[in-house]
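For reference, my_file23.txt (compact mmCIF, C-alpha atoms and all ligand atoms):
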```txt
# COMPACT_ATOMS: atom_id res chain seq x y z
CA MET A 247 -25.45 4.51 7.23
CA LYS A 248 -24.46 1.81 9.72
CA LEU A 249 -20.78 0.84 9.65
CA ALA A 250 -18.98 -2.22 10.97
CA LEU A 251 -15.34 -1.22 11.39
CA ILE A 252 -12.95 -4.16 11.25
CA GLY A 253 -9.40 -3.17 12.19
CA LEU A 254 -8.40 -0.46 14.65
CA GLY A 255 -4.79 0.12 13.77
CA SER A 256 -3.50 3.28 12.12
CA VAL A 257 -6.08 3.29 9.28
CA GLY A 258 -8.99 2.15 11.48
CA ARG A 259 -8.34 4.97 13.94
CA GLY A 260 -8.21 7.40 11.01
CA VAL A 261 -11.59 6.14 9.78
CA ALA A 262 -13.07 6.48 13.27
CA HIS A 263 -11.76 10.05 13.39
CA VAL A 264 -13.21 11.14 10.04
CA VAL A 265 -16.67 9.56 10.49
CA LYS A 266 -17.34 9.99 14.20
CA ASN A 267 -18.91 13.46 14.03
CA ASP A 268 -20.54 12.99 10.62
CA PRO A 269 -24.30 12.54 11.04
CA ARG A 270 -24.43 10.36 7.92
CA PHE A 271 -22.53 7.58 9.68
CA LYS A 272 -22.93 5.46 12.78
CA ILE A 273 -20.34 2.86 13.84
CA VAL A 274 -22.48 0.00 15.15
CA ALA A 275 -19.69 -2.55 15.50
CA ALA A 276 -15.92 -2.51 15.72
CA ALA A 277 -13.28 -5.21 16.07
CA ASP A 278 -9.54 -5.44 16.50
CA SER A 279 -7.57 -8.67 16.25
CA LYS A 280 -8.46 -9.75 19.79
CA SER A 281 -11.96 -8.48 20.52
CA GLY A 282 -15.00 -6.60 19.35
CA ALA A 283 -17.88 -4.40 20.47
CA VAL A 284 -21.40 -3.95 19.16
CA ASN A 285 -24.07 -1.33 19.81
CA PRO A 286 -26.99 -0.85 17.37
CA ASP A 287 -27.36 2.75 18.63
CA GLY A 288 -23.75 3.59 17.80
CA LEU A 289 -20.49 2.97 19.63
CA ASP A 290 -18.57 5.63 21.54
CA ILE A 291 -15.42 5.06 19.54
CA ASP A 292 -13.22 7.41 21.61
CA ARG A 293 -14.10 5.50 24.76
CA LEU A 294 -13.35 2.19 23.03
CA LEU A 295 -9.99 3.44 21.80
CA GLN A 296 -9.14 4.71 25.28
CA GLY A 297 -10.05 1.25 26.63
CA LYS A 298 -7.78 -0.33 24.01
CA LYS A 299 -4.89 1.86 25.21
CA GLU A 300 -5.46 0.73 28.79
CA THR A 301 -6.28 -2.96 28.30
CA GLY A 302 -5.04 -3.78 24.81
CA ARG A 303 -8.58 -4.71 23.71
CA ILE A 304 -11.55 -2.76 22.50
CA GLY A 305 -14.27 -5.14 23.60
CA THR A 306 -15.00 -8.76 24.39
CA PRO A 307 -13.28 -11.74 22.73
CA ASP A 308 -16.60 -13.34 21.69
CA TRP A 309 -17.24 -10.51 19.16
CA THR A 310 -14.76 -11.59 16.47
CA ALA A 311 -14.56 -9.92 13.06
CA PHE A 312 -16.21 -12.99 11.47
CA ARG A 313 -19.06 -12.97 13.95
CA ILE A 314 -19.63 -9.25 13.48
CA ALA A 315 -19.58 -9.66 9.68
CA ALA A 316 -22.05 -12.56 9.88
CA GLU A 317 -24.47 -11.44 12.59
CA VAL A 318 -24.58 -7.69 13.10
CA ASP A 319 -27.04 -5.46 11.22
CA TYR A 320 -24.75 -3.04 9.33
CA ASP A 321 -24.91 -1.45 5.88
CA VAL A 322 -21.20 -1.28 5.06
CA LEU A 323 -18.32 -3.40 6.27
CA VAL A 324 -15.17 -1.27 6.49
CA GLU A 325 -12.25 -3.72 6.40
CA VAL A 326 -8.94 -2.06 7.30
CA THR A 327 -6.85 -4.82 8.86
CA PRO A 328 -3.21 -5.36 7.82
CA THR A 329 -2.50 -6.89 4.41
CA ASN A 330 -1.72 -10.57 4.14
CA ALA A 331 -0.15 -10.81 0.68
CA GLU A 332 -0.06 -14.63 0.58
CA THR A 333 -3.65 -15.61 1.32
CA GLY A 334 -5.55 -12.36 1.85
CA GLU A 335 -6.88 -13.83 5.11
CA PRO A 336 -8.56 -13.23 7.47
CA ALA A 337 -9.85 -10.18 5.59
CA LEU A 338 -10.84 -12.26 2.55
CA SER A 339 -13.28 -14.38 4.56
CA THR A 340 -14.71 -11.38 6.41
CA ILE A 341 -15.32 -9.57 3.11
CA LYS A 342 -16.94 -12.65 1.53
CA ILE A 343 -19.30 -13.04 4.49
CA ALA A 344 -20.38 -9.39 4.17
CA LEU A 345 -20.87 -9.50 0.38
CA SER A 346 -22.77 -12.81 0.60
CA ARG A 347 -25.13 -11.16 3.10
CA GLY A 348 -25.78 -8.34 0.63
CA ARG A 349 -23.71 -5.80 2.57
CA HIS A 350 -21.45 -3.22 0.88
CA VAL A 351 -17.72 -3.45 1.50
CA VAL A 352 -15.08 -0.71 1.61
CA THR A 353 -11.53 -1.86 2.17
CA SER A 354 -7.96 -0.60 2.18
CA ASN A 355 -6.70 -4.18 2.45
CA LYS A 356 -4.47 -5.00 -0.51
CA GLY A 357 -4.42 -8.79 0.04
CA PRO A 358 -7.97 -9.73 -1.00
CA ILE A 359 -8.09 -7.19 -3.84
CA SER A 360 -4.72 -8.15 -5.37
CA LEU A 361 -5.43 -11.88 -5.08
CA TYR A 362 -9.18 -12.28 -5.64
CA TYR A 363 -10.54 -9.10 -7.24
CA ARG A 364 -12.61 -10.83 -9.93
CA GLU A 365 -14.17 -13.35 -7.58
CA LEU A 366 -15.06 -10.64 -5.04
CA GLU A 367 -16.41 -8.29 -7.71
CA SER A 368 -18.68 -11.11 -9.02
CA LEU A 369 -19.89 -11.82 -5.50
CA ALA A 370 -20.68 -8.12 -5.01
CA GLU A 371 -22.56 -8.01 -8.34
CA GLU A 372 -24.55 -11.18 -7.57
CA ASN A 373 -25.64 -9.62 -4.30
CA GLY A 374 -26.36 -6.17 -5.70
CA VAL A 375 -23.82 -4.36 -3.53
CA ALA A 376 -20.64 -2.31 -3.96
CA LEU A 377 -17.05 -3.37 -3.38
CA ARG A 378 -14.85 -0.26 -3.11
CA PHE A 379 -11.11 -0.14 -2.51
CA GLU A 380 -9.71 3.34 -3.34
CA GLY A 381 -7.49 3.21 -0.23
CA THR A 382 -5.57 0.15 -1.45
CA VAL A 383 -3.39 2.15 -3.85
CA ALA A 384 -1.53 5.38 -3.06
CA GLY A 385 -3.43 6.24 0.15
CA ALA A 386 -5.20 9.56 -0.20
CA VAL A 387 -4.48 9.90 -3.94
CA PRO A 388 -7.68 9.12 -5.90
CA ILE A 389 -5.86 7.06 -8.52
CA ILE A 390 -8.44 4.29 -8.99
CA ASN A 391 -11.37 6.63 -9.40
CA GLY A 392 -9.14 9.08 -11.24
CA ILE A 393 -8.37 6.54 -13.97
CA ARG A 394 -11.77 4.81 -13.95
CA ASN A 395 -13.91 7.92 -14.01
CA GLY A 396 -11.74 10.98 -14.57
CA LEU A 397 -9.88 9.43 -17.50
CA ALA A 398 -12.75 7.22 -18.71
CA GLY A 399 -12.53 6.46 -22.43
CA ASN A 400 -8.78 7.00 -22.61
CA LYS A 401 -6.54 4.10 -23.48
CA VAL A 402 -3.75 3.91 -20.88
CA LYS A 403 -0.47 3.42 -22.75
CA ALA A 404 1.76 3.34 -19.67
CA LEU A 405 1.70 4.09 -16.01
CA PHE A 406 4.64 4.75 -13.73
CA GLY A 407 5.22 6.21 -10.34
CA VAL A 408 6.11 6.04 -6.70
CA LEU A 409 3.67 3.69 -4.97
CA ASN A 410 5.31 2.98 -1.62
CA GLY A 411 5.37 5.76 0.94
CA THR A 412 7.71 3.93 3.30
CA CYS A 413 10.45 3.47 0.68
CA ASN A 414 10.05 7.05 -0.44
CA TYR A 415 10.29 8.21 3.17
CA ILE A 416 13.42 6.10 3.76
CA LEU A 417 15.15 7.27 0.56
CA SER A 418 14.34 10.94 1.04
CA ARG A 419 15.33 10.93 4.74
CA MET A 420 18.63 9.17 3.92
CA GLU A 421 19.27 11.68 1.18
CA GLU A 422 18.13 14.90 2.89
CA GLU A 423 19.05 14.21 6.52
CA GLY A 424 21.85 11.67 6.11
CA LEU A 425 19.97 9.10 8.22
CA THR A 426 20.96 5.46 7.97
CA TYR A 427 18.57 2.99 6.37
CA VAL A 428 17.78 1.46 9.79
CA GLN A 429 17.04 4.87 11.39
CA ALA A 430 14.83 5.97 8.51
CA LEU A 431 12.89 2.67 8.52
CA ALA A 432 12.38 2.93 12.30
CA GLU A 433 10.94 6.44 11.81
CA ALA A 434 8.59 5.23 9.05
CA ARG A 435 7.35 2.45 11.34
CA ASP A 436 6.84 4.84 14.28
CA LEU A 437 4.79 7.15 12.06
CA GLY A 438 2.51 4.24 11.06
CA TYR A 439 3.47 4.25 7.37
CA ALA A 440 5.08 0.83 7.13
CA GLU A 441 3.26 -2.48 6.74
CA ALA A 442 2.89 -4.76 9.80
CA ASP A 443 5.86 -6.59 8.25
CA PRO A 444 7.98 -3.80 6.68
CA THR A 445 9.85 -6.36 4.57
CA TYR A 446 6.94 -6.03 2.15
CA ASP A 447 7.66 -2.31 1.81
CA VAL A 448 11.41 -2.41 1.40
CA ASN A 449 11.66 -5.44 -0.91
CA GLY A 450 9.24 -3.90 -3.42
CA THR A 451 6.34 -6.30 -2.75
CA ASP A 452 3.94 -3.59 -1.53
CA ALA A 453 4.47 -1.46 -4.65
CA ALA A 454 4.16 -4.57 -6.84
CA ILE A 455 0.85 -5.50 -5.17
CA LYS A 456 -0.47 -2.00 -5.90
CA LEU A 457 0.62 -2.35 -9.53
CA VAL A 458 -1.31 -5.65 -9.74
CA ILE A 459 -4.40 -3.96 -8.26
CA LEU A 460 -4.24 -1.12 -10.80
CA ALA A 461 -3.64 -3.57 -13.65
CA ASN A 462 -6.57 -5.82 -12.78
CA THR A 463 -9.11 -3.31 -11.51
CA VAL A 464 -8.75 -0.33 -13.83
CA LEU A 465 -6.67 -1.48 -16.79
CA GLY A 466 -8.58 -4.68 -17.59
CA MET A 467 -5.55 -6.94 -17.19
CA ASN A 468 -5.36 -10.31 -15.47
CA VAL A 469 -2.00 -10.51 -13.71
CA THR A 470 -0.57 -11.73 -10.42
CA LEU A 471 2.38 -10.75 -8.26
CA LYS A 472 4.52 -13.27 -10.18
CA ASP A 473 4.12 -11.14 -13.31
CA VAL A 474 5.89 -8.19 -11.65
CA GLN A 475 9.68 -8.05 -11.84
CA ARG A 476 10.71 -6.88 -8.40
CA THR A 477 13.81 -5.33 -6.84
CA GLY A 478 13.58 -3.50 -3.51
CA ILE A 479 15.62 -0.84 -1.73
CA ASP A 480 16.77 -3.19 1.00
CA ARG A 481 20.21 -3.60 -0.50
CA LEU A 482 20.73 0.02 -1.38
CA THR A 483 23.75 1.55 0.38
CA PRO A 484 24.22 5.19 1.54
CA GLU A 485 27.20 5.22 -0.87
CA ALA A 486 24.89 4.50 -3.83
CA ILE A 487 22.71 7.44 -2.77
CA ARG A 488 25.74 9.72 -2.33
CA MET A 489 27.09 8.68 -5.71
CA ALA A 490 23.77 9.48 -7.37
CA GLN A 491 23.73 12.88 -5.60
CA SER A 492 27.23 13.71 -6.79
CA THR A 493 25.96 13.50 -10.39
CA GLY A 494 22.83 15.61 -9.75
CA GLN A 495 20.61 12.54 -9.58
CA THR A 496 18.72 10.65 -6.95
CA ILE A 497 17.23 7.18 -6.42
CA ARG A 498 13.55 6.37 -6.09
CA LEU A 499 11.63 3.08 -6.08
CA ILE A 500 9.66 3.26 -9.31
CA ALA A 501 6.75 1.05 -10.34
CA SER A 502 6.05 0.86 -14.06
CA LEU A 503 3.42 -0.79 -16.20
CA TYR A 504 3.01 -1.09 -19.98
CA PRO A 505 -0.38 -2.81 -20.53
CA GLU A 506 0.15 -3.83 -24.15
CA LYS A 507 3.50 -5.48 -23.48
CA LYS A 508 2.23 -6.90 -20.16
CA ASP A 509 5.42 -5.43 -18.71
CA LEU A 510 5.23 -4.75 -14.95
CA GLU A 511 8.28 -3.80 -12.90
CA VAL A 512 9.24 -2.34 -9.53
CA SER A 513 12.86 -1.32 -9.04
CA PRO A 514 15.09 1.49 -7.71
CA ARG A 515 15.92 3.86 -10.54
CA LEU A 516 18.18 6.85 -10.99
CA LEU A 517 16.25 10.04 -11.67
CA PRO A 518 17.37 13.64 -12.18
CA GLU A 519 16.81 15.61 -8.95
CA ASP A 520 14.25 17.85 -10.67
CA ASP A 521 12.18 14.94 -12.03
CA PRO A 522 8.47 15.29 -11.05
CA LEU A 523 8.64 11.83 -9.46
CA VAL A 524 11.33 12.93 -7.00
CA LEU A 525 9.23 13.65 -3.94
CA SER A 526 9.85 13.86 -0.22
CA GLU A 527 8.57 11.86 2.72
CA THR A 528 5.52 9.64 2.09
CA LEU A 529 4.32 11.38 -1.03
CA ASN A 530 3.24 9.06 -3.85
CA ALA A 531 3.00 10.01 -7.50
CA VAL A 532 1.54 8.24 -10.49
CA THR A 533 1.94 9.41 -14.07
CA VAL A 534 -0.60 7.93 -16.46
CA GLU A 535 0.22 8.17 -20.17
CA THR A 536 -3.06 8.25 -22.04
CA GLU A 537 -4.32 8.32 -25.58
CA TYR A 538 -6.25 11.61 -25.54
CA ALA A 539 -5.39 13.38 -22.27
CA GLY A 540 -1.63 13.01 -22.68
CA ASP A 541 0.30 12.58 -19.44
CA VAL A 542 -1.65 13.07 -16.24
CA THR A 543 0.21 12.99 -12.92
CA PHE A 544 -1.45 12.43 -9.56
CA ILE A 545 0.58 13.41 -6.46
CA GLY A 546 -0.37 13.13 -2.82
CA ARG A 547 0.02 11.37 0.50
CA GLY A 548 0.38 7.68 -0.13
CA ALA A 549 0.21 6.41 3.44
CA GLY A 550 -0.92 7.50 6.85
CA SER A 551 -3.91 7.31 9.12
CA VAL A 552 -6.36 10.08 8.14
CA GLU A 553 -4.87 10.22 4.64
CA THR A 554 -5.93 6.64 3.89
CA ALA A 555 -9.18 7.30 5.75
CA SER A 556 -9.84 10.09 3.23
CA ALA A 557 -9.94 7.48 0.44
CA ILE A 558 -12.25 5.30 2.53
CA LEU A 559 -14.50 8.27 3.20
CA SER A 560 -14.83 8.91 -0.54
CA ASP A 561 -15.87 5.27 -1.07
CA LEU A 562 -18.38 5.50 1.78
CA LEU A 563 -19.90 8.66 0.33
CA TYR A 564 -20.11 7.04 -3.12
CA ILE A 565 -22.17 4.21 -1.58
CA HIS A 566 -24.17 6.68 0.53
CA ASP A 567 -25.21 8.66 -2.55
CA LYS A 568 -25.53 5.85 -5.09
CA TYR A 569 -27.63 3.57 -2.90
CA GLY A 570 -29.79 6.35 -1.46
CA PHE A 571 -28.98 6.22 2.22
N1 LIG A 601 3.07 0.58 3.69
C1 LIG A 601 2.39 1.28 2.66
C2 LIG A 601 3.30 2.38 2.14
C3 LIG A 601 1.13 1.84 3.21
O1 LIG A 601 4.30 2.66 2.79
O2 LIG A 601 3.05 2.93 1.08
C4 LIG A 601 0.15 2.30 2.19
O3 LIG A 601 -0.28 1.25 1.36
```

What is this file in structure tokens?
Ligand code: HSE
Amino acid sequence: MKLALIGLGSVGRGVAHVVKNDPRFKIVAAADSKSGAVNPDGLDIDRLLQGKKETGRIGTPDWTAFRIAAEVDYDVLVEVTPTNAETGEPALSTIKIALSRGRHVVTSNKGPISLYYRELESLAEENGVALRFEGTVAGAVPIINGIRNGLAGNKVKALFGVLNGTCNYILSRMEEEGLTYVQALAEARDLGYAEADPTYDVNGTDAAIKLVILANTVLGMNVTLKDVQRTGIDRLTPEAIRMAQSTGQTIRLIASLYPEKKDLEVSPRLLPEDDPLVLSETLNAVTVETEYAGDVTFIGRGAGSVETASAILSDLLYIHDKYGF
């Protein structure tokens, strides 16, 4: 299966790592924000990444993401550039070009899916191809497929959880190691967990976007970011954390959704220290309250390079098997 890999940041490098020795895949094109490279016989991705370290570019400026999407012969466009929560661009246009050409798309980009899911899904259907986006919510945790397929037929009464790895990392490092907010955020950025603009993480926008994606893609709702009441952790003081600890509690950024009431919220909440949603580092957790299955909780790594690539790999293999590659 021929892949065009758009985006070579943390997630893109993870994707390159998980597919490069798999005989089912061949990366025939790759682009970062400044340049691109194309080889119908398959690119030597390690060499390209080494070149990027040395020169800051992976190829030539004339191979832009748009040009690759429009001209190269690939089967699946893997779009893993940073999220633009306002317009979804440039990923939105790249994805539309691919779908319009009858090419499958796998993305971890939250912008296009949170803003234009229905339009993109229709475009995919019209062109007889798949649009897959497991990596947009909770990284490696298979929450979209878990609800869609694993819990198929169940009415979801409520859903709540920890959907931002960066905030969870910051809160748990402040609590367990006594780091300051600034130190913990710097660590999260160094480890590649935070968004290109970490404001989105710490002010609750990233978790709210993920809630919108879950609402619209697996819960049949039609909501936007404006429908989510949002409070971040950016104004949380070490004193507030210490105070919570002194009463056997802790603080986590919790996203909650009640479909029937159309009630969507992201806010820091006090939880008992032994609550299942009190997790360390970048772990995410989602509890889904269902009609027949009762409560089902998914826990796993919500951010990171190969972790997010794991979700992308599962989408690629779905396409590989379903479309008979
Ligand atoms: N910045 C996001 C997080 C990455 O920290 O959860 C995964 O979407």

Problem set entry | Å distance separating atom CA of Val402 of chain A from atom CA of Leu510 of chain A, one decimal place | 13.8 Å

For this session: Give the residues close to ligand LIG 601 (chain A), within 7 Å, counting all atoms listed in the file; write them as a VMD selection string.
Result: chain A and resid 382 to 385 409 to 413 439 to 441 447 452 548 to 549

Problem set entry | Near-Thr496 of chain A list (7 Å; all atoms listed in the file; drop same-chain fewer than 2 positions) as a ChimeraX atom specification | /A:487,490-491,498,516-519

For this session: Please provide as a ChimeraX atom specification all residues within 8 Å of segment 263-271 of chain A, with the sequence filter that same-chain residues fewer than 5 positions apart are discarded (counting all atoms listed in the file).
Result: /A:247-249,291,552,555-556,559

Exercise. What is the atom CA of Leu295 of chain A to atom CA of Ala276 of chain A distance in Å?
Worked result: 10.4 Å

For this session: Could you please determine the separation between atom CA of Glu511 of chain A and atom CA of Ala461 of chain A in Å, to one decimal place?
Result: 11.9 Å

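Proximity of A:Gly305, A:Gly399, A:Gly478, A:Gly374 to Arg515 of chain A, computed with all atoms listed in the file, is greatest for A:Gly478.
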
Residues of segment 344-426 of chain A at most 9 Å from segment 328-334 of chain A: nearest atom pair and distance in Å, all atoms listed in the file, as a Markdown table:
```
| residue | atom | partner | partner_atom | distance |
| --- | --- | --- | --- | --- |
| A:Ser354 | CA | A:Thr329 | CA | 8.6 |
| A:Asn355 | CA | A:Thr329 | CA | 5.4 |
| A:Lys356 | CA | A:Thr329 | CA | 5.6 |
| A:Gly357 | CA | A:Gly334 | CA | 4.2 |
| A:Pro358 | CA | A:Gly334 | CA | 4.6 |
| A:Ile359 | CA | A:Gly334 | CA | 8.1 |
| A:Ser360 | CA | A:Ala331 | CA | 8.0 |
| A:Leu361 | CA | A:Gly334 | CA | 6.9 |
| A:Tyr362 | CA | A:Gly334 | CA | 8.3 |
```

Problem set entry | Using all atoms listed in the file: which of A:Leu425, A:Leu289, A:Ile459, A:Ile479 has the shortest distance to Gly381 of chain A |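 The answer is A:Ile459, which sits nearest to Gly381 of chain A.
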
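Nearest residue to Ala557 of chain A among A:Phe312, A:Tyr363, A:Phe406, A:Phe379 is A:Phe379, counting only C-alpha atoms.
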
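Comparing A:Arg259, A:Arg488, A:Arg349, A:Arg419 by their smallest distance to Glu433 of chain A, the closest is A:Arg419 (using all atoms listed in the file).
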
For this session: Considering only C-alpha atoms, return as a list in words whatever protein or nucleic-acid residues lie within 8 Å of Leu460 of chain A, sequence-local ones (same chain, fewer than 4 positions apart) excluded.
Result: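 The neighbour list is Val383, Ile390, Lys456, Val464 and Leu465 of chain A.
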
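Within 10 Å of the point (-31.7, -0.1, -0.9) in file coordinates, and counting only C-alpha atoms, lie the residues A:Asp321, A:Gly374, A:Val375, A:Lys568, A:Tyr569, A:Gly570, A:Phe571.
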
Exercise. Between A:Asp541, A:Glu380, A:Asp287, A:Glu485, which has the minimum distance to Thr426 of chain A (counting only C-alpha atoms)?
Worked result: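 Closest to Thr426 of chain A of all the choices is A:Glu485.
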
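Shortest atom-to-atom contact with Ser418 of chain A among A:Arg394, A:Asp308, A:Ala486, A:Leu529: A:Leu529, counting only C-alpha atoms.
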
Around all of segment 534-548 of chain A's listed atoms, make the axis-aligned box with 3 Å on each side and tell me centre and edge lengths in Å to one decimal, as lines of an AutoDock Vina configuration file.
```
center_x = -2.8
center_y = 10.5
center_z = -12.5
size_x = 12.8
size_y = 11.7
size_z = 32.1
```

Problem set entry | Thr543 of chain A surroundings by all atoms listed in the file, 10 Å radius, close-in-sequence under 5 positions cut, as number ranges by chain | A: 389, 405-407, 522-523, 531-535

With all heavy atoms as the goal, would you fill in the gaps in segment 411-420 of chain A and present it as a compact mmCIF listing (two decimals), in the frame of the given file?
```txt
# COMPACT_ATOMS: atom_id res chain seq x y z
N GLY A 411 5.01 4.60 0.13
CA GLY A 411 5.37 5.76 0.94
C GLY A 411 6.55 5.48 1.85
O GLY A 411 7.40 6.36 2.07
N THR A 412 6.62 4.27 2.38
CA THR A 412 7.71 3.93 3.30
C THR A 412 9.07 4.01 2.60
O THR A 412 10.00 4.62 3.13
CB THR A 412 7.47 2.51 3.88
OG1 THR A 412 6.23 2.53 4.57
CG2 THR A 412 8.58 2.09 4.81
N CYS A 413 9.17 3.41 1.41
CA CYS A 413 10.45 3.47 0.68
C CYS A 413 10.79 4.91 0.32
O CYS A 413 11.95 5.32 0.41
CB CYS A 413 10.37 2.65 -0.62
SG CYS A 413 10.42 0.90 -0.30
N ASN A 414 9.77 5.67 -0.08
CA ASN A 414 10.05 7.05 -0.44
C ASN A 414 10.53 7.84 0.78
O ASN A 414 11.44 8.65 0.69
CB ASN A 414 8.81 7.71 -1.04
CG ASN A 414 9.19 8.81 -1.97
OD1 ASN A 414 9.80 8.58 -2.99
ND2 ASN A 414 8.90 10.05 -1.57
N TYR A 415 9.89 7.55 1.92
CA TYR A 415 10.29 8.21 3.17
C TYR A 415 11.74 7.85 3.50
O TYR A 415 12.56 8.73 3.79
CB TYR A 415 9.36 7.75 4.31
CG TYR A 415 9.59 8.48 5.60
CD1 TYR A 415 8.95 9.69 5.85
CD2 TYR A 415 10.46 7.98 6.55
CE1 TYR A 415 9.18 10.38 7.04
CE2 TYR A 415 10.69 8.65 7.74
CZ TYR A 415 10.04 9.85 7.97
OH TYR A 415 10.26 10.53 9.14
N ILE A 416 12.06 6.55 3.42
CA ILE A 416 13.42 6.10 3.76
C ILE A 416 14.44 6.77 2.82
O ILE A 416 15.44 7.34 3.27
CB ILE A 416 13.53 4.56 3.66
CG1 ILE A 416 12.68 3.90 4.75
CG2 ILE A 416 14.98 4.10 3.75
CD1 ILE A 416 12.53 2.39 4.61
N LEU A 417 14.17 6.72 1.53
CA LEU A 417 15.15 7.27 0.56
C LEU A 417 15.32 8.77 0.74
O LEU A 417 16.43 9.29 0.74
CB LEU A 417 14.71 6.96 -0.87
CG LEU A 417 14.76 5.47 -1.26
CD1 LEU A 417 14.12 5.25 -2.62
CD2 LEU A 417 16.19 4.95 -1.25
N SER A 418 14.20 9.48 0.94
CA SER A 418 14.34 10.94 1.04
C SER A 418 14.98 11.34 2.37
O SER A 418 15.75 12.29 2.42
CB SER A 418 13.01 11.66 0.78
OG SER A 418 12.06 11.36 1.75
N ARG A 419 14.70 10.60 3.46
CA ARG A 419 15.33 10.93 4.74
C ARG A 419 16.83 10.61 4.71
O ARG A 419 17.64 11.32 5.29
CB ARG A 419 14.66 10.15 5.89
CG ARG A 419 13.22 10.56 6.13
CD ARG A 419 13.08 11.91 6.78
NE ARG A 419 13.44 11.86 8.18
CZ ARG A 419 13.73 12.94 8.92
NH1 ARG A 419 13.74 14.12 8.37
NH2 ARG A 419 14.02 12.82 10.20
N MET A 420 17.19 9.50 4.04
CA MET A 420 18.63 9.17 3.92
C MET A 420 19.34 10.25 3.13
O MET A 420 20.43 10.69 3.47
CB MET A 420 18.81 7.81 3.22
CG MET A 420 18.46 6.62 4.09
SD MET A 420 18.49 5.07 3.16
CE MET A 420 20.25 4.75 3.02
```
